[in-house]
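Undergrad: Structure in structure tokens, see below.
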Amino acid sequence: MRVVSGIQPTGNLHLGNYLGAIRNWVRMQDEMKDGEQCLFFLADMHAISMPHTPAELHKATLEMAAAVVACGIDPQRSVLFNQAQVPAHAELQWLLNGTARMGWLNRMTQWKDKAGKNREGQSVALFGYPVLQAADVLLYQTTHVPVGEDQKQHLELARDIAQKFNNDFASEDAPVFTLPEAITPPQAARIMSLRDGSKKMSKSDPSEMSRIELADDADTVMKKVKKAKTDPEPLPSEAKGLVGRPEALNLVTIYAAVTDKTVDAVLGEFGGEGFGKFKPALGELLVETLRPISTRFNELLGDREALDAILARGASHARELGRPTLDAAYTALGLVR
């Protein structure tokens with residue numbers, strides 16, 4: 001079993017990033033048995049498919065690397081790297097461009113959503129983004145890819161590209177690519193803004209009070225929780241009592257996600273209590289959960305040499321793992337090297 005998963009580097013990492021994605025990576029790593037392997041990459045090459053600021057992308061990539069290690073990804077047990085240090089991703093994308101079909105890419109929902117009505121004004125990279133995603137996983141003979149609902153179509157495309165390439169350029173008993181299977185990670189908690197329970201927690205929100213950042217110290221975490229928007233009603237004893245109360249639901253959801261409990265279980269403990277009791281309890285829980293993460297995160301950000309070494313080692317390992325597949329693809333296509 002070989003699992004590959006990527007995440008786009010974003011700055012100002014917050015609680016939503018941790019509970020929504022990074023924690024699932026750590027759990028996958030911890031569930032690997034002897035002989036099984038996880039590869040986790042920072043998708044910095046995908047990031048240039050949309051307008052970006054180079055300095056911000058550079059900073060965000062290092063921050064994301066620090067964050068995933070601080071959250072529990074062990075570079076000794078998993079392969080952690082950024083795409084830009086493994087040119088084989090881009091090379092294989094080009095080789096697969098000859099197999100991918102315009103019609104397949106035109107049907108991609110994410111392309112339609114991101115391009116909107118101005119398709120002619122979008123970058124070629126945005127259109128070809130799914131082929132790079134296919135290369136990301138096919139390069140490593142990946143057996144399983146964790147996908148949410150919004151990424152299932154992309155994995156199906158990767159399988160279609162792999163199947164057509166194998167049919168066109170390889171024999172049935174010696175295919176170039178493994179067709180990866182989808183695995184569905186545990187449903188991630190949807191963490192909303194502390195200032196508006198109808199909006200997702202986001203780094204782009206102008207209010208810093210809307211999110212808890214991984215770099216926040218204990219006092220800042222407690223202050224943000226205590227000032228989080230709520231309503232005057234006490235907490236109900238079961239989840240259906242939170243209908244129409246988005247801010248209350250969000251705080252209970254955060255507590256449930258951090259403790260791995262259901263919303264009903266949390267309400268069984270705090271039902272009938274006001275936020276004067278619940279907020280301090282939530283604040284203390286987050287402080288204790290995030291303290292070791294924020295300490296390690298800040299340490300790594302202050303030690304660029306250690307961070308560079310982690311990414312360089314991971315990239316070296318990834319290049320070694322991907323080389324046989326890339327060589328096989330060149331050979332299958334009849335290219336002279």
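Identifiers in this document derive from the order of the structure tokens: chains are assigned A, B, ..., residues are numbered from 1 separately in each chain, and ligands are numbered from 1 in order of occurrence.
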So that I can see what lies close to A:Glu273, please list as a ChimeraX atom specification the residues with an atom at most 10 Å from it, counting only C-alpha atoms and leaving out residues fewer than 5 positions away in the same chain.

TA: /A:233-237,267,278

Undergrad: Sort by chain and increasing residue number a table of all residues of stretch 231-322 of chain A within 12 Å of stretch 171-187 of chain A, each with its closest pair of atoms and their distance in Å to one decimal, counting only C-alpha atoms, and write it as JSON lines.

TA:
```
{"residue": "A:Ala257", "atom": "CA", "partner": "A:Gln187", "partner_atom": "CA", "distance": 10.2}
{"residue": "A:Asp260", "atom": "CA", "partner": "A:Pro186", "partner_atom": "CA", "distance": 11.1}
{"residue": "A:Gly322", "atom": "CA", "partner": "A:Phe177", "partner_atom": "CA", "distance": 11.4}
```

Undergrad: I'd like the neighbourhood of A:Gly283 as a list in words, where a residue qualifies if any of its atoms comes within 8 Å (using only C-alpha atoms), though same-chain residues fewer than 6 positions away should be ignored.

TA: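 Residues near the query, excluding close chain neighbours: Val221, Met222, Val225 and Lys226 of chain A.
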
Undergrad: Any idea what the distance is between atom CA of A:Trp94 and atom CA of A:Asn167?

TA: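 Going from atom CA of A:Trp94 over to atom CA of A:Asn167, I get 18.3 Å.
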
Undergrad: Could you list, as a ChimeraX atom specification, every residue within 9 Å of stretch 188-194 of chain A, counting only C-alpha atoms and ignoring same-chain residues fewer than 5 positions away?

TA: /A:15-17,19-21,23-24,199-202,205,209-212,224-225,227-230,246-247,250-251,253-254,256-257

Undergrad: Determine, counting only C-alpha atoms, which protein, DNA and RNA residues have an atom within 8 Å of an atom of stretch 39-51 of chain A; residues of the same chain fewer than 3 positions away are not included. Present the result as number ranges by chain.

TA: A: 2-9, 25, 57, 61, 64-65, 78-84, 123-126, 129, 132, 318

Undergrad: Name the residues in contact with stretch 98-112 of chain A at a cut-off of 10 Å, using only C-alpha atoms, excluding same-chain residues fewer than 5 positions from it; report them as a PDB file with C-alpha atoms, in the first residue's frame.

TA:
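out-v6.pdb, written as the output of this step:
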```
ATOM      1  CA  GLN A  93       2.617  15.836 -16.757  1.00  0.00           C
ATOM      2  CA  LYS A 117     -17.342  32.839 -17.904  1.00  0.00           C
ATOM      3  CA  ASN A 118     -13.824  34.060 -18.697  1.00  0.00           C
ATOM      4  CA  ARG A 119     -12.345  30.780 -19.916  1.00  0.00           C
ATOM      5  CA  GLN A 122      -7.447  31.698 -17.789  1.00  0.00           C
ATOM      6  CA  LEU A 126      -5.409  26.000 -14.742  1.00  0.00           C
ATOM      7  CA  PHE A 127      -6.856  23.959 -17.615  1.00  0.00           C
ATOM      8  CA  GLY A 128      -4.078  21.354 -17.381  1.00  0.00           C
ATOM      9  CA  TYR A 129      -4.099  21.269 -13.562  1.00  0.00           C
ATOM     10  CA  PRO A 130      -5.824  17.828 -13.441  1.00  0.00           C
ATOM     11  CA  VAL A 131      -3.099  16.298 -15.644  1.00  0.00           C
ATOM     12  CA  ALA A 134      -2.619  12.671 -12.366  1.00  0.00           C
ATOM     13  CA  ASP A 150     -14.727  17.455  -4.654  1.00  0.00           C
ATOM     14  CA  GLN A 151     -11.675  15.455  -5.781  1.00  0.00           C
ATOM     15  CA  GLN A 153     -13.627  13.427 -10.473  1.00  0.00           C
ATOM     16  CA  HIS A 154      -9.900  14.227 -10.590  1.00  0.00           C
ATOM     17  CA  LEU A 157      -9.438  11.312 -14.671  1.00  0.00           C
ATOM     18  CA  ALA A 158      -6.052  10.072 -13.410  1.00  0.00           C
ATOM     19  CA  ASP A 160      -8.611   7.189 -17.280  1.00  0.00           C
ATOM     20  CA  ILE A 161      -5.264   8.681 -18.327  1.00  0.00           C
ATOM     21  CA  ALA A 162      -3.334   5.754 -16.820  1.00  0.00           C
ATOM     22  CA  GLN A 163      -5.608   3.191 -18.467  1.00  0.00           C
ATOM     23  CA  LYS A 164      -5.391   4.807 -21.909  1.00  0.00           C
ATOM     24  CA  PHE A 165      -1.587   5.175 -21.644  1.00  0.00           C
ATOM     25  CA  ASP A 168      -1.752   2.571 -26.090  1.00  0.00           C
ATOM     26  CA  LEU A 333       6.660   6.540 -25.756  1.00  0.00           C
TER      27      LEU A 333
END
```
